[in-house]
>>> print(open('entry_24.txt').read())   # compact mmCIF, C-alpha atoms
# COMPACT_ATOMS: atom_id res chain seq x y z
CA MET A 1 9.11 185.82 69.40
CA PRO A 2 5.86 184.93 67.54
CA PHE A 3 5.04 181.28 66.98
CA MET A 4 4.74 180.03 63.42
CA GLU A 5 2.89 176.81 62.64
CA ALA A 6 5.99 175.48 60.89
CA ASP A 7 7.91 175.84 64.17
CA ILE A 8 5.73 173.20 65.89
CA PRO A 9 6.93 169.61 65.24
CA GLN A 10 4.04 167.37 64.22
CA PHE A 11 3.77 163.59 64.17
CA SER A 12 4.53 161.73 60.95
CA THR A 13 1.11 161.03 59.41
CA VAL A 14 0.24 158.82 56.46
CA PHE A 15 -3.09 158.67 54.61
CA GLY A 16 -3.94 155.59 52.55
CA ARG A 17 -5.97 152.43 52.22
CA ASN A 18 -5.45 148.90 53.53
CA LEU A 19 -2.66 150.21 55.73
CA LEU A 20 -3.42 148.02 58.74
CA ALA A 21 -2.82 144.86 56.71
CA GLU A 22 0.77 145.99 56.17
CA THR A 23 1.69 145.90 59.87
CA PRO A 24 3.20 142.37 59.76
CA HIS A 25 5.70 143.65 57.19
CA PHE A 26 7.12 146.56 59.17
CA VAL A 27 6.11 146.40 62.85
CA ARG A 28 8.61 144.53 64.95
CA PRO A 29 7.31 141.20 66.30
CA LYS A 30 6.24 140.34 68.96
CA MET A 31 3.69 143.13 68.55
CA LEU A 32 1.00 144.12 71.01
CA PHE A 33 -2.30 145.47 69.69
CA VAL A 34 -4.06 147.70 72.20
CA THR A 35 -7.73 147.91 71.31
CA MET A 36 -11.31 147.40 72.52
CA ASP A 37 -13.02 144.02 72.63
CA ASP A 38 -15.84 145.14 70.33
CA LEU A 39 -13.37 146.27 67.66
CA TRP A 40 -11.07 143.27 67.61
CA PRO A 41 -13.36 140.95 65.58
CA LEU A 42 -13.37 143.56 62.78
CA PHE A 43 -9.60 143.51 62.37
CA ARG A 44 -8.02 140.34 63.75
CA ASP A 45 -8.17 138.42 60.45
CA LYS A 46 -5.88 141.05 58.88
CA LEU A 47 -3.23 140.61 61.53
CA PRO A 48 -0.72 137.89 62.42
CA ALA A 49 -2.13 135.12 64.59
CA GLU A 50 0.78 135.39 66.98
CA ALA A 51 0.08 139.06 67.76
CA GLU A 52 -0.72 139.80 71.39
CA VAL A 53 -3.83 141.80 72.18
CA CYS A 54 -4.77 143.89 75.20
CA PHE A 55 -8.37 145.01 75.57
CA VAL A 56 -8.78 148.34 77.33
CA THR A 57 -11.46 148.21 80.00
CA SER A 58 -10.52 151.24 82.06
CA MET A 59 -8.29 154.30 81.82
CA GLU A 60 -7.73 154.36 85.57
CA ARG A 61 -3.99 154.59 85.98
CA ALA A 62 -3.92 151.88 88.64
CA LYS A 63 -5.61 149.46 86.21
CA LEU A 64 -3.15 150.30 83.42
CA GLU A 65 -0.24 149.75 85.80
CA GLY A 66 -1.71 146.38 86.72
CA ASP A 67 -1.97 145.42 83.05
CA LEU A 68 1.77 145.99 82.61
CA ASP A 69 2.54 142.85 84.60
CA SER A 70 1.06 140.65 81.86
CA LEU A 71 2.88 142.35 78.98
CA THR A 72 6.05 140.29 78.77
CA GLY A 73 8.28 139.78 75.74
CA ILE A 74 6.60 142.57 73.78
CA ALA A 75 8.76 144.28 71.13
CA SER A 76 6.35 146.92 69.76
CA VAL A 77 2.98 148.49 70.51
CA VAL A 78 0.16 149.25 68.06
CA GLY A 79 -2.79 151.39 69.12
CA LEU A 80 -5.98 150.41 67.28
CA GLY A 81 -9.15 152.20 68.26
CA GLY A 82 -10.54 155.45 69.58
CA GLY A 83 -9.23 157.70 72.31
CA GLN A 84 -9.00 155.11 75.08
CA ALA A 85 -7.13 152.51 73.02
CA ILE A 86 -4.83 155.17 71.58
CA ASP A 87 -4.08 156.62 75.03
CA ALA A 88 -3.54 153.21 76.59
CA ALA A 89 -1.13 152.30 73.77
CA LYS A 90 0.81 155.49 74.48
CA TYR A 91 0.91 154.65 78.16
CA PHE A 92 2.23 151.12 77.60
CA ALA A 93 4.79 152.26 75.01
CA TRP A 94 6.02 154.92 77.44
CA ARG A 95 6.24 152.62 80.44
CA LEU A 96 7.87 149.78 78.49
CA ASN A 97 10.04 152.04 76.30
CA LEU A 98 8.85 150.41 73.08
CA PRO A 99 8.26 151.68 69.52
CA LEU A 100 4.68 152.80 68.93
CA PHE A 101 2.46 152.81 65.85
CA GLN A 102 -1.03 154.33 65.92
CA PHE A 103 -4.12 153.38 63.89
CA PRO A 104 -7.12 155.49 64.93
CA THR A 105 -10.39 153.81 63.99
CA SER A 106 -12.22 157.14 63.98
CA LEU A 107 -11.48 160.85 64.14
CA SER A 108 -13.31 161.26 67.44
CA VAL A 109 -10.52 162.92 69.45
CA ASP A 110 -7.02 164.42 69.09
CA ALA A 111 -5.43 161.78 71.38
CA VAL A 112 -3.57 160.15 68.49
CA PHE A 113 -1.61 163.37 67.92
CA GLY A 114 -0.72 164.01 71.57
CA HIS A 115 2.40 163.00 73.47
CA ARG A 116 0.78 162.36 76.84
CA SER A 117 -1.86 159.81 77.83
CA CYS A 118 -5.21 160.92 79.17
CA VAL A 119 -5.61 158.65 82.20
CA ARG A 120 -7.86 158.89 85.24
CA GLU A 121 -6.92 159.00 88.87
CA SER A 122 -10.05 158.38 90.93
CA SER A 123 -12.15 159.41 87.90
CA VAL A 124 -10.28 162.72 87.48
CA VAL A 125 -8.47 163.32 84.19
CA LYS A 126 -4.67 163.50 84.31
CA TYR A 127 -2.27 163.84 81.36
CA VAL A 128 0.91 161.83 81.88
CA GLY A 129 3.73 160.18 79.98
CA TRP A 130 5.63 160.70 76.75
CA ALA A 131 5.19 158.71 73.55
CA VAL A 132 5.97 159.72 69.98
CA PRO A 133 4.63 157.22 67.43
CA GLN A 134 6.80 156.16 64.55
CA THR A 135 3.81 157.11 62.38
CA VAL A 136 0.10 157.78 62.70
CA TYR A 137 -1.77 155.89 59.98
CA ILE A 138 -5.06 157.34 58.74
CA ASP A 139 -6.42 154.22 57.06
CA LEU A 140 -9.28 155.61 55.01
CA ASP A 141 -10.98 152.21 54.75
CA ILE A 142 -11.18 152.10 58.54
CA ILE A 143 -12.16 155.76 59.01
CA GLU A 144 -14.93 155.57 56.40
CA ASP A 145 -16.38 152.47 58.10
CA ALA A 146 -16.49 154.12 61.52
CA PRO A 147 -19.81 155.31 62.95
CA ARG A 148 -20.49 158.72 61.51
CA THR A 149 -21.18 160.22 64.94
CA LEU A 150 -17.68 159.34 66.13
CA ASN A 151 -15.93 160.90 63.14
CA ILE A 152 -18.01 164.03 63.13
CA GLY A 153 -17.73 164.39 66.90
CA GLY A 154 -14.00 164.90 66.43
CA VAL A 155 -14.70 168.42 65.28
CA GLY A 156 -15.29 169.23 68.95
CA ASP A 157 -11.53 169.00 69.50
CA VAL A 158 -11.10 171.62 66.77
CA LEU A 159 -13.96 174.03 67.46
CA CYS A 160 -12.88 174.01 71.11
CA PHE A 161 -9.98 176.27 70.11
CA ILE A 162 -12.54 179.08 69.97
CA THR A 163 -13.64 178.80 73.61
CA ALA A 164 -10.07 178.03 74.68
CA VAL A 165 -8.93 181.37 73.29
CA MET A 166 -11.94 183.07 74.91
CA ASP A 167 -10.80 181.67 78.25
CA TRP A 168 -7.20 182.73 77.67
CA ARG A 169 -8.25 186.27 76.78
CA HIS A 170 -10.50 186.36 79.85
CA ALA A 171 -7.55 185.40 82.04
CA GLN A 172 -5.44 188.10 80.41
CA GLU A 173 -8.11 190.74 81.02
CA LYS A 174 -8.29 189.70 84.68
CA HIS A 175 -4.47 189.67 84.94
CA ARG A 176 -4.67 186.01 85.91
CA CYS A 177 -2.62 184.37 83.16
CA GLU A 178 -0.09 181.93 84.53
CA ALA A 179 3.47 183.23 84.49
CA ARG A 180 4.56 180.30 82.34
CA TRP A 181 1.63 180.75 79.94
CA PRO A 182 1.32 184.47 79.16
CA TYR A 183 -1.19 185.30 76.44
CA ASP A 184 0.38 184.77 73.02
CA ASN A 185 -1.63 186.14 70.13
CA SER A 186 0.37 184.22 67.52
CA LEU A 187 -0.61 180.88 69.08
CA ALA A 188 -4.19 182.04 69.54
CA GLN A 189 -4.51 183.11 65.91
CA ILE A 190 -3.22 179.81 64.53
CA SER A 191 -5.73 177.94 66.68
CA LEU A 192 -8.56 180.22 65.62
CA SER A 193 -7.64 179.78 61.96
CA LYS A 194 -8.02 175.99 62.33
CA ALA A 195 -11.40 176.36 64.01
CA GLU A 196 -12.63 178.91 61.47
CA ALA A 197 -11.58 176.58 58.63
CA ALA A 198 -13.65 173.81 60.21
CA LEU A 199 -16.65 176.13 60.55
CA ALA A 200 -16.32 177.20 56.92
CA GLY A 201 -16.17 173.56 55.85
CA ILE A 202 -18.92 172.35 58.14
CA ASP A 203 -20.86 170.68 55.33
CA GLU A 204 -17.73 168.91 54.07
CA ILE A 205 -17.22 167.57 57.59
CA ARG A 206 -20.90 166.67 57.93
CA THR A 207 -20.75 164.51 54.80
CA MET A 208 -17.22 163.23 55.53
CA THR A 209 -15.78 164.13 52.15
CA PRO A 210 -12.00 163.81 51.70
CA ARG A 211 -11.80 167.56 52.34
CA GLY A 212 -13.87 167.16 55.51
CA ILE A 213 -11.54 164.42 56.77
CA GLU A 214 -8.55 166.62 55.96
CA LEU A 215 -10.03 169.57 57.90
CA ILE A 216 -10.58 167.48 61.02
CA VAL A 217 -7.14 165.85 60.86
CA ASP A 218 -5.44 169.20 60.30
CA GLY A 219 -7.08 170.65 63.39
CA LEU A 220 -6.45 167.56 65.51
CA LYS A 221 -2.79 167.51 64.50
CA TRP A 222 -2.38 171.14 65.57
CA GLY A 223 -4.11 170.54 68.89
CA GLY A 224 -1.95 167.56 69.78
CA ALA A 225 1.38 168.79 68.51
CA SER A 226 1.17 172.37 69.72
CA TYR A 227 0.41 171.39 73.32
CA HIS A 228 3.99 170.16 73.56
CA GLY A 229 5.53 172.30 70.82
CA ALA A 230 4.52 175.51 72.55
CA GLY A 231 5.96 174.36 75.87
CA TRP A 232 3.14 172.25 77.34
CA THR A 233 0.75 175.14 76.89
CA PRO A 234 -2.92 174.07 76.73
CA ARG A 235 -4.24 177.63 76.69
CA HIS A 236 -4.78 178.00 72.95
CA ILE A 237 -6.38 174.58 72.49
CA GLU A 238 -8.36 173.76 75.62
CA GLY A 239 -10.47 175.71 78.08
CA ILE A 240 -13.95 175.89 79.53
CA GLU A 241 -15.39 173.34 77.09
CA HIS A 242 -13.04 170.62 78.38
CA HIS A 243 -13.51 171.72 81.98
CA VAL A 244 -17.26 171.12 81.59
CA PHE A 245 -16.48 167.67 80.19
CA TYR A 246 -14.13 166.89 83.09
CA VAL A 247 -16.55 167.91 85.82
CA LEU A 248 -19.41 166.07 84.14
CA GLU A 249 -17.35 162.89 83.99
CA ALA A 250 -16.16 163.29 87.58
CA ARG A 251 -19.66 163.99 88.97
CA THR A 252 -21.43 161.19 87.10
CA GLY A 253 -18.66 158.59 87.06
CA ARG A 254 -19.59 157.96 83.43
CA ALA A 255 -17.41 157.73 80.34
CA PHE A 256 -18.78 159.76 77.44
CA ILE A 257 -18.22 159.87 73.71
CA HIS A 258 -15.57 162.58 73.72
CA GLY A 259 -17.02 164.66 70.90
CA GLN A 260 -20.47 164.86 72.44
CA ALA A 261 -19.24 165.94 75.86
CA VAL A 262 -16.77 168.48 74.45
CA CYS A 263 -19.37 169.95 72.10
CA LEU A 264 -21.79 170.31 75.00
CA GLY A 265 -19.02 172.11 76.90
CA LEU A 266 -18.30 174.22 73.83
CA VAL A 267 -21.85 175.52 73.65
CA LEU A 268 -22.24 176.02 77.40
CA GLY A 269 -18.85 177.71 77.56
CA ALA A 270 -19.70 180.10 74.73
CA MET A 271 -22.96 180.93 76.54
CA MET A 272 -20.98 181.69 79.70
CA HIS A 273 -18.67 183.98 77.73
CA GLY A 274 -21.61 185.59 75.94
CA GLU A 275 -19.88 185.16 72.59
CA ARG A 276 -20.73 183.16 69.45
CA SER A 277 -22.96 180.73 71.31
CA GLN A 278 -25.74 180.62 68.71
CA GLU A 279 -23.26 180.22 65.87
CA LEU A 280 -21.57 177.30 67.61
CA LEU A 281 -24.84 175.69 68.67
CA ASP A 282 -26.11 175.93 65.08
CA ALA A 283 -22.89 174.36 63.79
CA VAL A 284 -23.05 171.46 66.25
CA ALA A 285 -26.73 170.87 65.43
CA ARG A 286 -26.05 171.03 61.67
CA LEU A 287 -23.31 168.43 62.08
CA GLY A 288 -25.72 166.19 63.97
CA VAL A 289 -23.58 165.91 67.12
CA ASP A 290 -26.43 165.47 69.58
CA ILE A 291 -25.39 167.18 72.81
CA ARG A 292 -28.66 166.70 74.65
CA PRO A 293 -28.05 164.76 77.88
CA THR A 294 -30.51 162.04 76.87
CA ALA A 295 -28.28 161.30 73.86
CA MET A 296 -25.37 160.90 76.29
CA GLY A 297 -27.20 158.53 78.62
CA ILE A 298 -27.71 161.08 81.40
CA ALA A 299 -30.31 163.67 82.41
CA TRP A 300 -30.36 167.45 82.54
CA THR A 301 -30.26 167.15 86.33
CA ASP A 302 -26.79 165.59 85.96
CA VAL A 303 -25.66 168.51 83.81
CA PHE A 304 -27.17 171.02 86.24
CA ASP A 305 -25.39 169.34 89.16
CA ALA A 306 -22.04 169.31 87.32
CA MET A 307 -22.34 172.93 86.22
CA SER A 308 -23.32 174.05 89.71
CA ASN A 309 -20.10 172.48 90.98
CA LEU A 310 -17.93 173.68 88.09
CA LYS A 311 -16.22 176.53 89.93
CA ASP A 312 -15.32 174.38 92.93
CA PHE A 313 -14.04 171.67 90.59
CA VAL A 314 -11.74 173.87 88.50
CA MET A 315 -10.32 175.47 91.64
CA ARG A 316 -9.79 172.16 93.41
CA GLU A 317 -8.12 170.61 90.36
CA ARG A 318 -6.12 173.80 89.73
CA LEU A 319 -7.24 174.04 86.13
CA PRO A 320 -6.15 177.12 84.16
CA TYR A 321 -7.98 180.31 85.07
CA GLY A 322 -10.96 181.07 82.91
CA ILE A 323 -14.60 182.03 82.80
CA ALA A 324 -15.53 179.19 85.19
CA HIS A 325 -13.71 180.99 87.99
CA ASP A 326 -15.85 184.13 87.63
CA PHE A 327 -19.19 183.12 86.14
CA ALA A 328 -22.15 182.61 88.45
CA VAL A 329 -23.97 179.50 87.23
CA THR A 330 -27.55 180.32 88.19
CA ASP A 331 -30.75 178.34 87.78
CA ASN A 332 -31.87 180.88 85.18
CA PHE A 333 -28.71 180.33 83.16
CA LEU A 334 -29.06 176.55 83.27
CA VAL A 335 -32.74 176.53 82.34
CA GLY A 336 -32.09 178.98 79.50
CA ALA A 337 -29.20 176.86 78.20
CA ARG A 338 -31.32 173.72 78.39
CA ASP A 339 -34.16 175.33 76.46
CA ARG A 340 -31.88 176.68 73.72
CA ILE A 341 -30.16 173.34 73.23
CA GLU A 342 -33.42 171.38 73.20
CA ARG A 343 -34.91 173.77 70.62
CA ALA A 344 -31.85 173.46 68.37
CA PHE A 345 -32.23 169.70 68.16
CA ALA A 346 -36.02 169.66 67.97
CA GLN A 347 -36.02 171.28 64.53
>>> encode(input="entry_24.txt", output="structure tokens")
Amino acid sequence: MPFMEADIPQFSTVFGRNLLAETPHFVRPKMLFVTMDDLWPLFRDKLPAEAEVCFVTSMERAKLEGDLDSLTGIASVVGLGGGQAIDAAKYFAWRLNLPLFQFPTSLSVDAVFGHRSCVRESSVVKYVGWAVPQTVYIDLDIIEDAPRTLNIGGVGDVLCFITAVMDWRHAQEKHRCEARWPYDNSLAQISLSKAEAALAGIDEIRTMTPRGIELIVDGLKWGGASYHGAGWTPRHIEGIEHHVFYVLEARTGRAFIHGQAVCLGLVLGAMMHGERSQELLDAVARLGVDIRPTAMGIAWTDVFDAMSNLKDFVMRERLPYGIAHDFAVTDNFLVGARDRIERAFAQ
């Protein structure tokens, strides 16, 4: 039976202004704000003095479990921040069985629309838990004040649907689709429609117009909700581009701005597939999402090392079958990819 977008339950989402200041009037006290220490000074004056705050310093699951011991007497959880704060808030709400409210401070990642938390176990990404927020609040005052690179980088979690579907089709052609995740063209086409809409509105996203914000949020909502709504199927929303991100993080031990790392994986993944790579590289460059390693605080040697170990990594971590299982990452490929990416951002 074909999937229809309307069949996939999505989180309650509200757009507006000055929404965070309303939390004392509807969030049950004693409330816990889960955020980052550099963000808290920007928002604390809008919030009740008695609110508890937890600063996220690591997404290692063992650290999050340790933090639970100090969270006593909490009645509700509010996530306030980017992907790490949002995921940590989900984790705490799940483990403590508390109502959750989410306030993303940028559109950098689809974490706010996902049920599971993206934690790390020995620096390897794992998705665990279950948390459905009462509402996700897109406070336009907050989003518009966020660093532009964070907001625009969020398009990586929408354009990635393109390489995800490439990977899924590759697995189908090789007769290697998982039995529980057979290729479903209806899911694939919905995902592709979201990515194509973002490509068509690339200048709206680049300048963060209301339409650009809407395009990113629409894609992020689909990515988060349909992972669960289609039966925990990541195939239509995540593939080689995220696998590149995961191996890069695991090999370097570094945490990256999500959008940068995913967009780098998007371009490299499209090059591996031999499809649409120039189009996607041009789009990422036009947006100004700098995917050169130097912009990410690493070197090309780190990328080369990660890519050379990509196949071993995806097999060891039992990631869904895709182009990484079959593509020979040669020195010629890596040098050619480096040169193309450097040229795109030198213009």
>>> atom_distance(input="entry_24.txt", atom1="CA of Gly239 (chain A)", atom2="CA of Lys311 (chain A)")
13.2 Å
>>> closest_residue(input="entry_24.txt", among="A:Ala197, A:Ala299, A:Ala85, A:Ala225", to="Gln10 (chain A)", atoms="all atoms listed in the file")
A:Ala225
>>> closest_residue(input="entry_24.txt", among="A:Ile257, A:Ile162, A:Ala270, A:Ile298", to="Glu238 (chain A)", atoms="all atoms listed in the file")
A:Ile162
>>> residues_around(input="entry_24.txt", residues="Asn309 (chain A)", least_positions_apart="3", cutoff="9 Å", atoms="all atoms listed in the file", output="list in words")
Val247, Arg251, Phe304, Asp305, Ala306, Asp312, Phe313, Val314 and Val329 of chain A
>>> atom_distance(input="entry_24.txt", atom1="CA of Leu248 (chain A)", atom2="CA of Gly129 (chain A)")
24.2 Å
>>> residues_near_point(input="entry_24.txt", point="(2.7, 156.5, 79.9)", cutoff="8 Å", atoms="all atoms listed in the file", output="mmCIF file with C-alpha atoms, in the frame of the given file")
data_model
loop_
_atom_site.group_PDB
_atom_site.id
_atom_site.type_symbol
_atom_site.label_atom_id
_atom_site.label_comp_id
_atom_site.auth_asym_id
_atom_site.auth_seq_id
_atom_site.Cartn_x
_atom_site.Cartn_y
_atom_site.Cartn_z
ATOM 1 C CA ALA A 88 -3.540 153.210 76.590
ATOM 2 C CA LYS A 90 0.810 155.490 74.480
ATOM 3 C CA TYR A 91 0.910 154.650 78.160
ATOM 4 C CA PHE A 92 2.230 151.120 77.600
ATOM 5 C CA ALA A 93 4.790 152.260 75.010
ATOM 6 C CA TRP A 94 6.020 154.920 77.440
ATOM 7 C CA ARG A 95 6.240 152.620 80.440
ATOM 8 C CA ARG A 116 0.780 162.360 76.840
ATOM 9 C CA SER A 117 -1.860 159.810 77.830
ATOM 10 C CA VAL A 128 0.910 161.830 81.880
ATOM 11 C CA GLY A 129 3.730 160.180 79.980
ATOM 12 C CA TRP A 130 5.630 160.700 76.750
ATOM 13 C CA ALA A 131 5.190 158.710 73.550
#
>>> closest_atom_pairs(input="entry_24.txt", of="region 81-107 of chain A", to="region 139-148 of chain A", cutoff="9 Å", atoms="all atoms listed in the file", output="Markdown table")
| residue | atom | partner | partner_atom | distance |
| --- | --- | --- | --- | --- |
| A:Phe103 | CA | A:Asp139 | CA | 7.3 |
| A:Pro104 | CA | A:Ile143 | CA | 7.8 |
| A:Thr105 | CA | A:Ile143 | CA | 5.6 |
| A:Ser106 | CA | A:Ile143 | CA | 5.2 |
| A:Leu107 | CA | A:Ile143 | CA | 7.3 |
>>> write_last_selection(input="entry_24.txt", atoms="C-alpha atoms", output="PDB file, in the coordinates of the input")
ATOM      1  CA  PHE A 103      -4.120 153.380  63.890  1.00  0.00           C
ATOM      2  CA  PRO A 104      -7.120 155.490  64.930  1.00  0.00           C
ATOM      3  CA  THR A 105     -10.390 153.810  63.990  1.00  0.00           C
ATOM      4  CA  SER A 106     -12.220 157.140  63.980  1.00  0.00           C
ATOM      5  CA  LEU A 107     -11.480 160.850  64.140  1.00  0.00           C
TER       6      LEU A 107
END
>>> closest_residue(input="entry_24.txt", among="A:Asp326, A:Asp157, A:Asp331, A:Glu178", to="Ala261 (chain A)", atoms="all atoms listed in the file")
A:Asp157
>>> axis_aligned_box(input="entry_24.txt", around="region 140-150 of chain A", padding_each_side="4 Å", output="AutoDock Vina command-line options")
--center_x -15.2 --center_y 156.2 --center_z 60.4 --size_x 19.9 --size_y 16.1 --size_z 19.4
>>> residues_around(input="entry_24.txt", residues="His170 (chain A)", least_positions_apart="6", cutoff="9 Å", atoms="all atoms listed in the file", output="VMD selection string")
chain A and resid 176 to 177 273 321 to 323
>>> residues_around(input="entry_24.txt", residues="Glu196 (chain A)", least_positions_apart="6", cutoff="10 Å", atoms="all atoms listed in the file", output="number ranges by chain")
A: 158-159, 161-162, 190, 202
>>> atom_distance(input="entry_24.txt", atom1="CA of Leu100 (chain A)", atom2="CA of Pro210 (chain A)")
26.4 Å
>>> residues_around(input="entry_24.txt", residues="Glu5 (chain A)", least_positions_apart="3", cutoff="9 Å", atoms="all atoms listed in the file", output="list in words")
Ile8, Pro9, Leu187, Ile190, Trp222 and Ser226 of chain A
>>> closest_residue(input="entry_24.txt", among="A:Asp110, A:Glu50, A:Ile74, A:Gly259", to="Thr149 (chain A)", atoms="only C-alpha atoms")
A:Gly259
>>> closest_residue(input="entry_24.txt", among="A:Ala200, A:Ala89, A:Val155, A:Ala188", to="Arg169 (chain A)", atoms="all atoms listed in the file")
A:Ala188
>>> closest_residue(input="entry_24.txt", among="A:Thr135, A:Gln172, A:Thr252, A:Thr294", to="Ser123 (chain A)", atoms="only C-alpha atoms")
A:Thr252
>>> residues_around(input="entry_24.txt", residues="region 26-34 of chain A", least_positions_apart="6", cutoff="12 Å", atoms="only C-alpha atoms", output="JSON, numbers by chain")
{"A": [19, 20, 40, 43, 44, 47, 48, 49, 50, 51, 52, 53, 54, 55, 56, 57, 64, 67, 68, 70, 71, 72, 73, 74, 75, 76, 77, 78, 79, 80, 81, 82, 83, 84, 85, 86, 87, 88, 89, 90, 91, 92, 93, 96, 98, 99, 100, 101, 102, 103, 104, 133, 134, 135]}
>>> decode(input="entry_24.txt", residues="region 237-305 of chain A", atoms="C-alpha atoms", output="PDB file, in the first residue's frame")
ATOM      1  CA  ILE A 237      15.931  10.109   4.459  1.00  0.00           C
ATOM      2  CA  GLU A 238      19.486   9.054   5.285  1.00  0.00           C
ATOM      3  CA  GLY A 239      22.278   7.274   3.465  1.00  0.00           C
ATOM      4  CA  ILE A 240      25.849   7.715   2.329  1.00  0.00           C
ATOM      5  CA  GLU A 241      25.968  11.411   3.261  1.00  0.00           C
ATOM      6  CA  HIS A 242      25.329  10.612   6.939  1.00  0.00           C
ATOM      7  CA  HIS A 243      27.646   7.609   6.842  1.00  0.00           C
ATOM      8  CA  VAL A 244      30.472   9.925   5.752  1.00  0.00           C
ATOM      9  CA  PHE A 245      29.605  12.228   8.654  1.00  0.00           C
ATOM     10  CA  TYR A 246      29.593   9.307  11.114  1.00  0.00           C
ATOM     11  CA  VAL A 247      32.948   7.905  10.048  1.00  0.00           C
ATOM     12  CA  LEU A 248      34.521  11.361  10.013  1.00  0.00           C
ATOM     13  CA  GLU A 249      33.340  11.996  13.556  1.00  0.00           C
ATOM     14  CA  ALA A 250      34.456   8.550  14.728  1.00  0.00           C
ATOM     15  CA  ARG A 251      37.917   8.802  13.126  1.00  0.00           C
ATOM     16  CA  THR A 252      38.677  12.348  14.306  1.00  0.00           C
ATOM     17  CA  GLY A 253      36.898  12.294  17.664  1.00  0.00           C
ATOM     18  CA  ARG A 254      35.601  15.752  16.783  1.00  0.00           C
ATOM     19  CA  ALA A 255      32.087  17.174  16.958  1.00  0.00           C
ATOM     20  CA  PHE A 256      31.120  19.056  13.803  1.00  0.00           C
ATOM     21  CA  ILE A 257      28.459  21.545  12.847  1.00  0.00           C
ATOM     22  CA  HIS A 258      25.919  19.051  11.558  1.00  0.00           C
ATOM     23  CA  GLY A 259      25.054  20.869   8.347  1.00  0.00           C
ATOM     24  CA  GLN A 260      28.652  21.231   7.243  1.00  0.00           C
ATOM     25  CA  ALA A 261      29.516  17.573   7.789  1.00  0.00           C
ATOM     26  CA  VAL A 262      26.315  16.301   6.167  1.00  0.00           C
ATOM     27  CA  CYS A 263      26.731  18.595   3.157  1.00  0.00           C
ATOM     28  CA  LEU A 264      30.299  17.369   2.715  1.00  0.00           C
ATOM     29  CA  GLY A 265      28.933  13.810   2.818  1.00  0.00           C
ATOM     30  CA  LEU A 266      26.194  14.808   0.386  1.00  0.00           C
ATOM     31  CA  VAL A 267      28.678  15.988  -2.221  1.00  0.00           C
ATOM     32  CA  LEU A 268      31.115  13.115  -1.727  1.00  0.00           C
ATOM     33  CA  GLY A 269      28.249  10.627  -1.784  1.00  0.00           C
ATOM     34  CA  ALA A 270      26.849  12.038  -5.026  1.00  0.00           C
ATOM     35  CA  MET A 271      30.357  11.805  -6.525  1.00  0.00           C
ATOM     36  CA  MET A 272      30.526   8.151  -5.479  1.00  0.00           C
ATOM     37  CA  HIS A 273      27.166   7.497  -7.114  1.00  0.00           C
ATOM     38  CA  GLY A 274      28.162   9.457 -10.212  1.00  0.00           C
ATOM     39  CA  GLU A 275      24.893  11.377 -10.113  1.00  0.00           C
ATOM     40  CA  ARG A 276      24.035  15.066  -9.632  1.00  0.00           C
ATOM     41  CA  SER A 277      27.306  15.833  -7.873  1.00  0.00           C
ATOM     42  CA  GLN A 278      27.982  19.138  -9.651  1.00  0.00           C
ATOM     43  CA  GLU A 279      24.408  20.308  -9.131  1.00  0.00           C
ATOM     44  CA  LEU A 280      24.589  19.575  -5.408  1.00  0.00           C
ATOM     45  CA  LEU A 281      28.066  21.044  -5.019  1.00  0.00           C
ATOM     46  CA  ASP A 282      26.916  24.226  -6.774  1.00  0.00           C
ATOM     47  CA  ALA A 283      23.866  24.435  -4.500  1.00  0.00           C
ATOM     48  CA  VAL A 284      25.932  24.013  -1.327  1.00  0.00           C
ATOM     49  CA  ALA A 285      28.452  26.609  -2.528  1.00  0.00           C
ATOM     50  CA  ARG A 286      25.666  29.049  -3.484  1.00  0.00           C
ATOM     51  CA  LEU A 287      24.177  28.682  -0.010  1.00  0.00           C
ATOM     52  CA  GLY A 288      27.573  29.415   1.520  1.00  0.00           C
ATOM     53  CA  VAL A 289      27.791  26.184   3.532  1.00  0.00           C
ATOM     54  CA  ASP A 290      31.571  25.859   3.492  1.00  0.00           C
ATOM     55  CA  ILE A 291      32.370  22.150   3.364  1.00  0.00           C
ATOM     56  CA  ARG A 292      36.117  22.506   3.006  1.00  0.00           C
ATOM     57  CA  PRO A 293      37.867  20.698   5.869  1.00  0.00           C
ATOM     58  CA  THR A 294      39.667  23.869   6.955  1.00  0.00           C
ATOM     59  CA  ALA A 295      36.252  25.441   7.622  1.00  0.00           C
ATOM     60  CA  MET A 296      35.455  22.445   9.839  1.00  0.00           C
ATOM     61  CA  GLY A 297      38.671  22.642  11.837  1.00  0.00           C
ATOM     62  CA  ILE A 298      40.288  19.600  10.232  1.00  0.00           C
ATOM     63  CA  ALA A 299      42.507  18.841   7.229  1.00  0.00           C
ATOM     64  CA  TRP A 300      41.989  17.007   3.963  1.00  0.00           C
ATOM     65  CA  THR A 301      44.205  14.247   5.362  1.00  0.00           C
ATOM     66  CA  ASP A 302      41.509  13.638   7.998  1.00  0.00           C
ATOM     67  CA  VAL A 303      38.859  13.369   5.290  1.00  0.00           C
ATOM     68  CA  PHE A 304      41.060  11.069   3.212  1.00  0.00           C
ATOM     69  CA  ASP A 305      41.659   8.834   6.231  1.00  0.00           C
TER      70      ASP A 305
END
